[in-house]
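Novice: You'll find final-v9.tsv just under this line, and it carries TSV, C-alpha atoms.
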```
chain	number	residue	atom	x	y	z
A	1	LYS	CA	-10.77	27.84	56.21
A	2	ARG	CA	-9.13	25.95	53.33
A	3	TYR	CA	-5.34	25.68	53.37
A	4	PHE	CA	-2.86	24.01	51.02
A	5	VAL	CA	-1.04	21.30	52.95
A	6	GLY	CA	1.41	18.79	51.54
A	7	TYR	CA	0.22	17.71	48.09
A	8	GLY	CA	-3.33	19.03	48.29
A	9	TRP	CA	-5.89	21.22	49.94
A	10	ASP	CA	-7.43	20.43	53.32
A	11	PHE	CA	-9.92	22.12	55.61
A	12	VAL	CA	-7.98	22.76	58.81
A	13	ASP	CA	-7.61	25.74	61.09
A	14	GLY	CA	-4.54	27.93	61.06
A	15	GLU	CA	-2.91	26.33	64.12
A	16	GLU	CA	-3.13	22.81	62.71
A	17	CYS	CA	-1.67	24.00	59.41
A	18	LYS	CA	1.37	25.44	61.28
A	19	ILE	CA	1.88	22.13	63.10
A	20	HIS	CA	1.75	20.20	59.80
A	21	LYS	CA	4.38	22.44	58.24
A	22	GLN	CA	6.65	22.22	61.30
A	23	ARG	CA	6.45	18.42	61.28
A	24	ARG	CA	7.33	18.26	57.64
A	25	ARG	CA	10.39	20.53	58.15
A	26	ARG	CA	11.60	18.38	61.07
A	27	GLY	CA	11.04	15.15	59.17
A	28	ASP	CA	8.32	14.12	61.60
A	29	GLY	CA	4.86	13.13	60.58
A	30	LYS	CA	5.87	10.19	58.43
A	31	ASN	CA	2.32	8.96	58.71
A	32	GLU	CA	0.91	12.14	57.18
A	33	PRO	CA	-0.60	11.68	53.74
A	34	TRP	CA	2.03	13.71	51.96
A	35	GLN	CA	4.86	11.75	53.63
A	36	SER	CA	3.49	8.27	52.90
A	37	ASN	CA	5.25	5.55	50.97
A	38	LYS	CA	2.76	6.14	48.20
A	39	GLY	CA	4.07	9.64	47.89
A	40	ASP	CA	7.61	8.29	47.63
A	41	ARG	CA	6.56	5.99	44.84
A	42	PHE	CA	4.94	8.92	43.09
A	43	LYS	CA	8.17	10.91	43.35
A	44	ARG	CA	10.21	8.00	42.00
A	45	SER	CA	7.82	7.45	39.08
A	46	ILE	CA	8.12	11.11	38.12
A	47	SER	CA	11.92	10.92	38.18
A	48	ASP	CA	11.88	7.67	36.13
A	49	THR	CA	9.57	9.06	33.45
A	50	LYS	CA	11.08	9.28	29.96
A	51	THR	CA	9.80	10.94	26.80
A	52	PHE	CA	9.16	9.13	23.54
A	53	ARG	CA	12.44	10.56	22.24
A	54	GLN	CA	14.32	8.93	25.11
A	55	ASP	CA	12.40	5.61	25.15
A	56	PHE	CA	10.47	5.19	21.93
A	57	ARG	CA	9.21	1.68	22.61
A	58	LYS	CA	7.72	2.06	26.08
A	59	THR	CA	5.62	5.06	25.12
A	60	ARG	CA	3.50	2.94	22.75
A	61	VAL	CA	0.44	0.87	23.68
A	62	PHE	CA	-1.50	-1.71	21.70
A	63	VAL	CA	-5.29	-1.23	21.66
A	64	GLN	CA	-7.86	-3.95	20.93
A	65	GLY	CA	-11.63	-3.67	20.71
A	66	ILE	CA	-11.76	-0.60	18.47
A	67	PRO	CA	-15.27	-0.49	16.94
A	68	GLN	CA	-15.86	-0.14	13.20
A	69	GLY	CA	-15.95	3.40	11.87
A	70	VAL	CA	-13.43	4.78	14.36
A	71	SER	CA	-10.63	6.72	12.66
A	72	TRP	CA	-7.11	7.37	13.92
A	73	GLN	CA	-8.20	10.91	14.84
A	74	ASP	CA	-11.10	9.56	16.93
A	75	LEU	CA	-8.72	7.16	18.67
A	76	LYS	CA	-6.21	9.91	19.34
A	77	ASP	CA	-8.85	12.24	20.80
A	78	HIS	CA	-10.29	9.48	22.99
A	79	PHE	CA	-6.91	8.56	24.52
A	80	ARG	CA	-6.09	12.13	25.49
A	81	VAL	CA	-7.78	11.39	28.80
A	82	ALA	CA	-4.64	9.40	29.71
A	83	GLY	CA	-2.06	11.95	28.55
A	84	ASN	CA	-0.61	13.78	25.58
A	85	VAL	CA	-0.91	11.61	22.46
A	86	VAL	CA	1.75	12.11	19.78
A	87	PHE	CA	0.66	9.36	17.39
A	88	ALA	CA	-2.31	7.06	16.78
A	89	SER	CA	-3.19	4.57	14.05
A	90	VAL	CA	-5.94	2.06	13.31
A	91	SER	CA	-4.99	-1.09	11.38
A	92	VAL	CA	-6.97	-1.45	8.14
A	93	ASP	CA	-7.46	-4.48	5.87
A	94	VAL	CA	-5.81	-3.61	2.55
A	95	ASN	CA	-8.32	-5.67	0.58
A	96	THR	CA	-11.57	-4.37	2.09
A	97	GLY	CA	-10.57	-1.05	3.62
A	98	GLU	CA	-12.29	-2.04	6.87
A	99	SER	CA	-10.80	-1.65	10.34
A	100	LYS	CA	-9.21	-4.74	11.91
A	101	GLY	CA	-10.37	-3.60	15.36
A	102	HIS	CA	-6.94	-2.83	16.77
A	103	GLY	CA	-4.33	-0.09	16.59
A	104	ILE	CA	-1.41	1.74	18.19
A	105	VAL	CA	-1.33	4.83	20.42
A	106	GLN	CA	1.91	6.56	21.37
A	107	PHE	CA	2.18	9.00	24.27
A	108	GLU	CA	4.62	11.76	25.07
A	109	THR	CA	6.02	9.94	28.12
A	110	THR	CA	6.27	6.40	29.46
A	111	SER	CA	4.18	7.30	32.54
A	112	MET	CA	1.33	8.44	30.30
A	113	ALA	CA	1.49	5.14	28.41
A	114	GLN	CA	1.33	3.23	31.71
A	115	ASN	CA	-1.56	5.43	32.80
A	116	ALA	CA	-3.45	4.47	29.64
A	117	ILE	CA	-2.91	0.77	30.40
A	118	ASP	CA	-4.29	1.35	33.91
A	119	ILE	CA	-7.38	3.46	33.17
A	120	MET	CA	-8.56	3.09	29.57
A	121	ALA	CA	-10.54	-0.08	30.33
A	122	ASP	CA	-12.87	2.26	32.26
A	123	HIS	CA	-13.32	4.53	29.24
A	124	PRO	CA	-15.31	2.67	26.52
A	125	LEU	CA	-15.12	3.98	22.97
A	126	SER	CA	-18.51	4.17	21.25
A	127	GLY	CA	-19.81	1.61	23.74
A	128	SER	CA	-16.94	-0.81	23.15
A	129	VAL	CA	-14.63	-1.73	26.06
A	130	LEU	CA	-10.99	-1.33	25.08
A	131	TYR	CA	-8.17	-3.70	25.99
A	132	VAL	CA	-4.87	-1.81	26.29
A	133	ARG	CA	-1.43	-3.34	26.84
A	134	GLU	CA	2.19	-2.65	26.03
A	135	ASP	CA	3.09	-2.84	22.38
A	136	VAL	CA	4.92	-6.13	22.84
A	137	GLN	CA	5.81	-6.49	19.19
A	138	GLU	CA	7.63	-3.18	19.39
A	139	ASN	CA	9.25	-3.92	22.75
A	140	ASP	CA	10.55	-7.35	21.73
A	141	ASN	CA	12.46	-5.88	18.83
A	142	PRO	CA	15.40	-3.64	19.80
A	143	ASN	CA	15.27	-2.18	16.31
A	144	ALA	CA	11.54	-1.46	16.52
A	145	ARG	CA	11.81	1.85	14.76
A	146	LEU	CA	13.54	0.17	11.87
A	147	ARG	CA	11.10	-2.49	10.76
A	148	ASN	CA	12.63	-5.61	9.27
A	149	SER	CA	16.09	-4.28	10.03
A	150	SER	CA	17.32	-7.79	10.78
A	151	ALA	CA	15.32	-9.49	8.04
A	152	PRO	CA	17.29	-11.15	5.25
A	153	LYS	CA	17.69	-8.91	2.25
A	154	GLY	CA	17.67	-9.76	-1.40
A	155	PRO	CA	20.63	-9.36	-3.72
A	156	THR	CA	22.03	-5.86	-3.97
A	157	PRO	CA	20.99	-4.27	-7.27
A	158	PRO	CA	23.88	-3.48	-9.65
A	159	THR	CA	25.24	0.06	-9.65
A	160	LYS	CA	27.47	-0.04	-12.75
A	161	TRP	CA	26.33	-0.51	-16.33
A	162	LYS	CA	27.49	-3.55	-18.22
A	163	CYS	CA	27.23	-4.70	-21.83
A	164	ALA	CA	24.98	-7.77	-22.16
A	165	ASN	CA	26.35	-8.95	-25.54
A	166	GLU	CA	30.04	-8.18	-25.62
A	167	ASP	CA	30.42	-10.34	-28.75
A	168	ASN	CA	28.62	-7.65	-30.73
A	169	ALA	CA	30.36	-4.81	-28.93
A	170	VAL	CA	33.76	-5.92	-30.26
A	171	PHE	CA	32.68	-4.75	-33.73
A	172	MET	CA	32.19	-1.20	-32.45
A	173	SER	CA	34.93	1.44	-32.41
A	174	GLU	CA	36.27	2.94	-29.19
A	175	GLU	CA	34.77	6.29	-30.15
A	176	GLU	CA	31.29	4.78	-30.52
A	177	LEU	CA	31.60	2.81	-27.25
A	178	SER	CA	32.68	5.99	-25.47
A	179	ALA	CA	29.71	7.88	-26.92
A	180	ILE	CA	27.32	5.14	-25.75
A	181	ARG	CA	28.76	5.17	-22.22
A	182	ASN	CA	28.52	8.96	-22.06
A	183	LEU	CA	24.88	8.91	-23.18
A	184	ILE	CA	23.98	6.26	-20.59
A	185	LYS	CA	25.72	8.32	-17.89
A	186	ALA	CA	23.87	11.47	-18.98
A	187	ARG	CA	20.57	9.57	-18.93
A	188	ASP	CA	21.22	8.31	-15.38
A	189	ASP	CA	21.93	11.88	-14.31
A	190	ALA	CA	18.68	13.10	-15.92
A	191	ARG	CA	16.68	10.36	-14.14
A	192	ARG	CA	18.22	11.29	-10.78
A	193	ARG	CA	17.15	14.90	-11.35
A	194	ARG	CA	13.67	13.66	-12.37
A	195	LYS	CA	14.02	15.10	-15.87
A	196	TYR	CA	12.28	12.19	-17.52
A	197	ASP	CA	11.66	13.96	-20.82
A	198	VAL	CA	15.43	14.35	-21.20
A	199	SER	CA	16.07	10.72	-20.26
A	200	ASP	CA	13.48	9.56	-22.81
A	201	ARG	CA	15.15	11.57	-25.56
A	202	ILE	CA	18.53	10.07	-24.67
A	203	ARG	CA	17.01	6.56	-24.72
A	204	ASP	CA	15.61	7.22	-28.22
A	205	GLU	CA	19.00	8.55	-29.34
A	206	LEU	CA	20.71	5.39	-28.08
A	207	LYS	CA	18.25	3.22	-29.99
A	208	ASN	CA	18.06	5.22	-33.22
A	209	SER	CA	21.69	6.35	-33.54
A	210	HIS	CA	23.55	3.39	-32.05
A	211	GLY	CA	21.06	0.49	-32.05
A	212	VAL	CA	21.41	0.21	-28.27
A	213	PHE	CA	18.71	-1.10	-25.92
A	214	ILE	CA	18.86	-0.82	-22.14
A	215	ASP	CA	17.45	-2.47	-19.02
A	216	ASP	CA	17.47	-0.06	-16.05
A	217	ARG	CA	16.81	-2.72	-13.41
A	218	LEU	CA	19.71	-4.93	-14.50
A	219	LYS	CA	21.91	-1.97	-15.48
A	220	MET	CA	22.69	-3.70	-18.79
A	221	TRP	CA	22.79	-2.48	-22.36
A	222	TRP	CA	23.09	-4.35	-25.63
A	223	THR	CA	23.21	-3.80	-29.36
A	224	ALA	CA	20.94	-5.28	-32.00
A	225	VAL	CA	23.34	-5.63	-34.93
A	226	ASP	CA	22.64	-9.37	-35.22
A	227	GLY	CA	18.87	-8.89	-35.28
A	228	ASN	CA	18.36	-10.34	-31.80
A	229	LYS	CA	17.11	-7.42	-29.74
A	230	VAL	CA	17.12	-9.24	-26.39
A	231	PRO	CA	20.31	-11.29	-25.94
A	232	GLN	CA	20.30	-14.71	-24.36
A	233	SER	CA	22.16	-13.41	-21.30
A	234	ILE	CA	19.16	-11.20	-20.45
A	235	HIS	CA	16.77	-14.13	-20.91
A	236	ASP	CA	18.93	-16.26	-18.61
A	237	ILE	CA	18.72	-13.65	-15.84
A	238	LYS	CA	15.08	-12.65	-16.16
A	239	GLY	CA	13.58	-15.87	-17.47
A	240	GLU	CA	10.10	-15.52	-18.88
A	241	GLY	CA	9.16	-13.24	-15.98
A	242	ARG	CA	5.91	-11.38	-16.42
A	243	TRP	CA	6.09	-11.91	-20.18
A	244	LYS	CA	4.79	-15.45	-19.85
A	245	LEU	CA	1.33	-14.18	-20.81
A	246	LYS	CA	-1.88	-15.99	-21.51
A	247	PRO	CA	-3.41	-15.53	-24.98
A	248	TRP	CA	-5.73	-12.66	-25.80
A	249	ARG	CA	-9.46	-13.43	-25.76
A	250	GLN	CA	-12.42	-11.67	-27.34
A	251	ILE	CA	-15.55	-10.98	-25.26
A	252	PRO	CA	-18.62	-11.32	-27.52
A	253	THR	CA	-21.10	-8.44	-27.64
A	254	THR	CA	-23.81	-8.28	-30.31
A	255	PRO	CA	-23.66	-10.11	-33.66
A	256	GLU	CA	-23.93	-6.76	-35.48
A	257	ASN	CA	-20.96	-5.22	-33.67
A	258	ASP	CA	-18.81	-8.35	-33.74
A	259	ALA	CA	-19.30	-8.64	-37.51
A	260	CYS	CA	-17.53	-5.27	-37.91
A	261	VAL	CA	-14.29	-6.60	-36.41
A	262	ASN	CA	-11.58	-8.73	-38.01
A	263	SER	CA	-10.65	-10.91	-35.01
A	264	ASP	CA	-7.50	-12.31	-36.63
A	265	LEU	CA	-6.24	-8.80	-37.38
A	266	VAL	CA	-6.83	-7.65	-33.80
A	267	GLU	CA	-5.15	-10.74	-32.33
A	268	GLY	CA	-2.13	-10.23	-34.61
A	269	LEU	CA	-1.77	-6.55	-33.69
A	270	LEU	CA	-2.00	-7.30	-29.97
A	271	LYS	CA	0.63	-10.05	-30.23
A	272	GLN	CA	2.98	-7.67	-32.05
A	273	ARG	CA	2.33	-5.11	-29.32
A	274	ASP	CA	3.35	-7.67	-26.67
A	275	ILE	CA	6.65	-8.20	-28.50
A	276	ALA	CA	7.26	-4.45	-28.75
A	277	ARG	CA	6.58	-3.97	-25.04
A	278	ARG	CA	8.88	-6.84	-24.17
A	279	GLU	CA	11.65	-5.22	-26.19
A	280	LYS	CA	10.88	-1.86	-24.53
A	281	ASP	CA	9.90	-0.32	-27.85
A	282	PHE	CA	7.03	1.61	-26.30
A	283	GLN	CA	6.51	3.97	-29.21
A	284	THR	CA	5.78	1.04	-31.52
A	285	ALA	CA	3.63	-0.60	-28.82
A	286	ASP	CA	1.49	2.52	-28.50
A	287	ALA	CA	1.06	2.74	-32.27
A	288	LEU	CA	-0.02	-0.92	-32.48
A	289	LEU	CA	-2.48	-0.40	-29.61
A	290	GLU	CA	-4.08	2.55	-31.38
A	291	GLU	CA	-4.27	0.58	-34.65
A	292	ALA	CA	-6.01	-2.31	-32.89
A	293	ARG	CA	-8.35	0.01	-31.00
A	294	THR	CA	-9.57	1.72	-34.18
A	295	SER	CA	-9.63	-1.40	-36.38
A	296	PRO	CA	-13.46	-2.02	-36.35
A	297	ASP	CA	-15.51	-0.67	-39.26
A	298	GLY	CA	-17.53	2.51	-38.86
A	299	ASP	CA	-17.42	4.50	-35.64
A	300	LEU	CA	-16.83	1.49	-33.41
A	301	THR	CA	-13.70	1.13	-31.29
A	302	LEU	CA	-12.29	-1.61	-29.10
A	303	ARG	CA	-11.84	-1.69	-25.35
A	304	ILE	CA	-8.58	-3.54	-24.65
A	305	HIS	CA	-7.91	-4.67	-21.08
A	306	ASP	CA	-4.30	-5.69	-20.40
A	307	GLU	CA	-4.87	-7.18	-16.94
A	308	SER	CA	-7.49	-9.70	-18.02
A	309	ARG	CA	-6.03	-10.01	-21.58
A	310	THR	CA	-9.46	-9.43	-23.11
A	311	TRP	CA	-10.86	-7.14	-25.75
A	312	ARG	CA	-14.36	-6.28	-26.94
A	313	VAL	CA	-16.24	-3.79	-29.09
A	314	TRP	CA	-16.95	-0.60	-27.18
A	315	THR	CA	-19.87	1.80	-27.69
A	316	GLU	CA	-21.08	4.88	-25.80
A	317	THR	CA	-23.88	2.83	-24.26
A	318	ARG	CA	-23.01	-0.66	-23.18
A	319	PRO	CA	-24.46	-3.19	-25.64
A	320	PRO	CA	-26.99	-5.63	-24.17
A	321	THR	CA	-25.72	-9.15	-23.59
A	322	ASP	CA	-27.42	-12.47	-23.23
A	323	GLY	CA	-25.24	-13.46	-20.26
A	324	PRO	CA	-26.54	-14.18	-16.76
A	325	TYR	CA	-25.14	-10.84	-15.54
A	326	GLN	CA	-27.33	-8.79	-17.90
A	327	GLU	CA	-28.12	-5.42	-16.26
A	328	SER	CA	-31.78	-5.56	-17.23
A	329	GLN	CA	-32.30	-8.78	-15.30
A	330	PRO	CA	-34.70	-7.97	-12.46
A	331	MET	CA	-33.53	-8.47	-8.91
A	332	PRO	CA	-35.72	-10.36	-6.39
A	333	SER	CA	-37.46	-8.19	-3.80
A	334	ASP	CA	-36.19	-10.37	-0.97
A	335	PRO	CA	-32.76	-8.99	0.12
A	336	ARG	CA	-31.33	-12.44	0.76
A	337	GLU	CA	-32.33	-13.72	-2.66
A	338	ALA	CA	-31.02	-10.54	-4.29
A	339	ARG	CA	-27.63	-11.06	-2.67
A	340	LYS	CA	-27.56	-14.64	-3.96
A	341	VAL	CA	-28.32	-13.44	-7.50
A	342	ALA	CA	-25.57	-10.79	-7.24
A	343	ALA	CA	-23.11	-13.43	-6.05
A	344	ARG	CA	-23.96	-15.68	-9.01
A	345	GLN	CA	-23.47	-12.75	-11.39
A	346	CYS	CA	-20.04	-12.06	-9.85
A	347	VAL	CA	-18.98	-15.65	-10.49
A	348	GLU	CA	-20.33	-15.63	-14.06
A	349	ILE	CA	-18.50	-12.40	-14.94
A	350	VAL	CA	-15.18	-13.75	-13.64
A	351	LYS	CA	-15.80	-17.12	-15.30
A	352	ASP	CA	-16.22	-15.36	-18.66
A	353	CYS	CA	-13.51	-12.69	-18.35
A	354	ALA	CA	-10.88	-14.17	-16.03
A	355	PRO	CA	-11.48	-17.90	-15.48
A	356	GLU	CA	-8.31	-18.33	-13.45
A	357	LYS	CA	-9.75	-16.04	-10.74
A	358	VAL	CA	-13.02	-17.94	-10.13
A	359	ASP	CA	-11.80	-19.60	-6.93
A	360	GLU	CA	-10.49	-16.27	-5.69
A	361	ILE	CA	-13.81	-14.45	-6.19
A	362	VAL	CA	-15.76	-17.30	-4.57
A	363	ASP	CA	-13.48	-17.02	-1.54
A	364	VAL	CA	-13.97	-13.24	-1.42
A	365	LEU	CA	-17.76	-13.63	-1.49
A	366	LYS	CA	-17.59	-16.11	1.41
A	367	ARG	CA	-15.34	-13.87	3.48
A	368	PHE	CA	-17.45	-10.74	3.03
A	369	PRO	CA	-21.15	-11.64	3.14
A	370	GLY	CA	-23.44	-8.67	2.57
A	371	ARG	CA	-21.06	-6.96	0.15
A	372	GLU	CA	-22.12	-8.81	-2.98
A	373	PHE	CA	-23.46	-5.70	-4.73
A	374	GLN	CA	-20.26	-3.69	-4.12
A	375	ILE	CA	-18.17	-6.58	-5.50
A	376	LEU	CA	-20.49	-6.91	-8.51
A	377	LYS	CA	-20.22	-3.19	-9.26
A	378	ARG	CA	-16.43	-3.33	-9.15
A	379	LEU	CA	-16.28	-6.39	-11.42
A	380	LYS	CA	-18.58	-4.77	-13.99
A	381	LYS	CA	-16.41	-1.68	-14.00
A	382	GLN	CA	-13.26	-3.74	-14.43
A	383	TYR	CA	-14.32	-6.27	-17.01
A	384	LEU	CA	-17.43	-5.05	-18.83
```
Written as structure tokens, that's how I'd like the structure from this file.

Specialist:
Amino acid sequence: KRYFVGYGWDFVDGEECKIHKQRRRRGDGKNEPWQSNKGDRFKRSISDTKTFRQDFRKTRVFVQGIPQGVSWQDLKDHFRVAGNVVFASVSVDVNTGESKGHGIVQFETTSMAQNAIDIMADHPLSGSVLYVREDVQENDNPNARLRNSSAPKGPTPPTKWKCANEDNAVFMSEEELSAIRNLIKARDDARRRRKYDVSDRIRDELKNSHGVFIDDRLKMWWTAVDGNKVPQSIHDIKGEGRWKLKPWRQIPTTPENDACVNSDLVEGLLKQRDIARREKDFQTADALLEEARTSPDGDLTLRIHDESRTWRVWTETRPPTDGPYQESQPMPSDPREARKVAARQCVEIVKDCAPEKVDEIVDVLKRFPGREFQILKRLKKQYL
């Protein structure tokens, strides 16, 4: 017959089972399986086990050797053989979207995490052997749950509004200054409550009724009574910043289409738009953009690309070009040669539309061989 003895089942007769139980009650039978030192260690490990709420760091393991195509859900399901998984993630390259081949798995208890370290090498994932160890990066940092908690921080942003050109403010009455401060306070309150339509109306009222301009990041406001919309104190703090822009550039299309555009007019409108955007006069900037976009004769319009600082005539169907990246250019039948042609087209597009990024795109093509056509498609969508 089969009886339950100690920590498991054993096939013994009834008399032997009674003897085993008597020995265990007396404390004899230290050499029996259920009284072994191994059993004591098992008992101690159970008593020492902590949950992830009690010991966050030691319930996490670092996993290497994760094959491509494995998601966090696949990883979580695979590691359930070692215990209850409460969290899993696979590290992904932000530039390519591809897996880096490693990730993190967190278990409900520390003993489950240790069990994963012990056994998961014997459980390949999609044919790939996994290397599992403690998450050392987490364990070395006592503030692991608060990433960069000890890292140096930048300057604390201002919390109180300040006038940037007090020389002009002295010409304003106390009633007007009080009205300006109340409007700025009301706008801050509207932004905190995410009522952006209200905050925009208050901003327009400040500009139209009081000639006041504001910078939310610096918490500074200023008046424009002397004709200088951005005071020198703001320039001293911000410098040129992102407004140190390269000049606008036209991308040629067909002679017929380009003849319908006054290039000088478009360049002038776009430069005025840059000034309006710098002075946070977005309504004027939008109007100038629309005027430039519809400036060509006939039904033609312009495509204006802020990132590359380029513009070109736009039609429903893309005009043919004489460039080396012309879509009608046949691709070689040999896959290797086709990839070389696609790579050359990528470089030519960037050379024409964003010359400062040529080295960057060459480096990307070297780092990701076999993805030339995907890169070419993205560049055409961005620049052409």

Novice: Take atom CA of A:Val350 and atom CA of A:Leu302 and report the distance between them in Å, one decimal.

Specialist: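 Distance reported for this atom pair: 19.9 Å.
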
Novice: Kindly give the distance, in Å, that separates atom CA of A:Val362 and atom CA of A:Arg344, rounded to a single decimal.

Specialist: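 Result for atom CA of A:Val362 versus atom CA of A:Arg344: 9.5 Å, one decimal.
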
Novice: Would you work out the distance separating atom CA of A:Arg133 from atom CA of A:Val63, expressed in Å to one decimal?

Specialist: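 Computed distance, atom CA of A:Arg133 to atom CA of A:Val63, equals 6.8 Å.
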
Novice: Can you tell me which residues surround A:Lys340 at a distance of at most 12 Å, considering only C-alpha atoms, apart from same-chain residues fewer than 2 positions away, and format the answer as a PDB file with C-alpha atoms, in the coordinates of the input?

Specialist:
```pdb
ATOM      1  CA  MET A 331     -33.530  -8.470  -8.910  1.00  0.00           C
ATOM      2  CA  PRO A 332     -35.720 -10.360  -6.390  1.00  0.00           C
ATOM      3  CA  SER A 333     -37.460  -8.190  -3.800  1.00  0.00           C
ATOM      4  CA  ASP A 334     -36.190 -10.370  -0.970  1.00  0.00           C
ATOM      5  CA  PRO A 335     -32.760  -8.990   0.120  1.00  0.00           C
ATOM      6  CA  ARG A 336     -31.330 -12.440   0.760  1.00  0.00           C
ATOM      7  CA  GLU A 337     -32.330 -13.720  -2.660  1.00  0.00           C
ATOM      8  CA  ALA A 338     -31.020 -10.540  -4.290  1.00  0.00           C
ATOM      9  CA  ALA A 342     -25.570 -10.790  -7.240  1.00  0.00           C
ATOM     10  CA  ALA A 343     -23.110 -13.430  -6.050  1.00  0.00           C
ATOM     11  CA  ARG A 344     -23.960 -15.680  -9.010  1.00  0.00           C
ATOM     12  CA  GLN A 345     -23.470 -12.750 -11.390  1.00  0.00           C
ATOM     13  CA  CYS A 346     -20.040 -12.060  -9.850  1.00  0.00           C
ATOM     14  CA  VAL A 347     -18.980 -15.650 -10.490  1.00  0.00           C
ATOM     15  CA  LEU A 365     -17.760 -13.630  -1.490  1.00  0.00           C
ATOM     16  CA  LYS A 366     -17.590 -16.110   1.410  1.00  0.00           C
ATOM     17  CA  PRO A 369     -21.150 -11.640   3.140  1.00  0.00           C
ATOM     18  CA  GLY A 370     -23.440  -8.670   2.570  1.00  0.00           C
ATOM     19  CA  ARG A 371     -21.060  -6.960   0.150  1.00  0.00           C
ATOM     20  CA  GLU A 372     -22.120  -8.810  -2.980  1.00  0.00           C
ATOM     21  CA  PHE A 373     -23.460  -5.700  -4.730  1.00  0.00           C
ATOM     22  CA  LEU A 376     -20.490  -6.910  -8.510  1.00  0.00           C
TER      23      LEU A 376
END
```

Novice: Give me the residues near stretch 183-190 of chain A as a ChimeraX atom specification, where near means some atom within 7 Å (using only C-alpha atoms) and where sequence neighbours in that chain fewer than 5 positions away do not count.

Specialist: /A:195-196,198-199,202

Novice: With C-alpha atoms retained, export the selected residues as a tab-separated table (two decimals), keeping the file's coordinate frame.

Specialist:
```
chain	number	residue	atom	x	y	z
A	195	LYS	CA	14.02	15.10	-15.87
A	196	TYR	CA	12.28	12.19	-17.52
A	198	VAL	CA	15.43	14.35	-21.20
A	199	SER	CA	16.07	10.72	-20.26
A	202	ILE	CA	18.53	10.07	-24.67
```

Novice: Give me the residues within 6 Å of stretch 264-273 of chain A as a PyMOL selection string, counting only C-alpha atoms and dropping any in the same chain fewer than 6 places off.

Specialist: chain A and resi 285+288+292

Novice: I'd like the neighbourhood of stretch 101-109 of chain A as a PyMOL selection string, where a residue qualifies if any of its atoms comes within 10 Å (using all atoms listed in the file), though same-chain residues fewer than 6 positions away should be ignored.

Specialist: chain A and resi 49-70+72+75-76+79-80+82-93+115-116+130-132+134-135

Novice: Tell me which of A:Trp311, A:Glu290, A:Gly211, A:Ile361 sits closest to A:Thr253, counting all atoms listed in the file.

Specialist: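 Between A:Trp311, A:Glu290, A:Gly211, A:Ile361, the residue approaching A:Thr253 most closely is A:Trp311.
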
Novice: Hey, what's within 12 Å of A:Gly298 if we count only C-alpha atoms and toss same-chain stuff fewer than 2 positions away? As a VMD selection string, please?

Specialist: chain A and resid 256 to 257 259 to 261 294 to 296 300 to 302 313 315

Novice: Nearest to A:Glu279: which of A:Ser111, A:Cys163, A:Pro231, A:Arg191 is it, counting only C-alpha atoms?

Specialist: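 Checking each candidate against A:Glu279, we get A:Pro231 as the closest.
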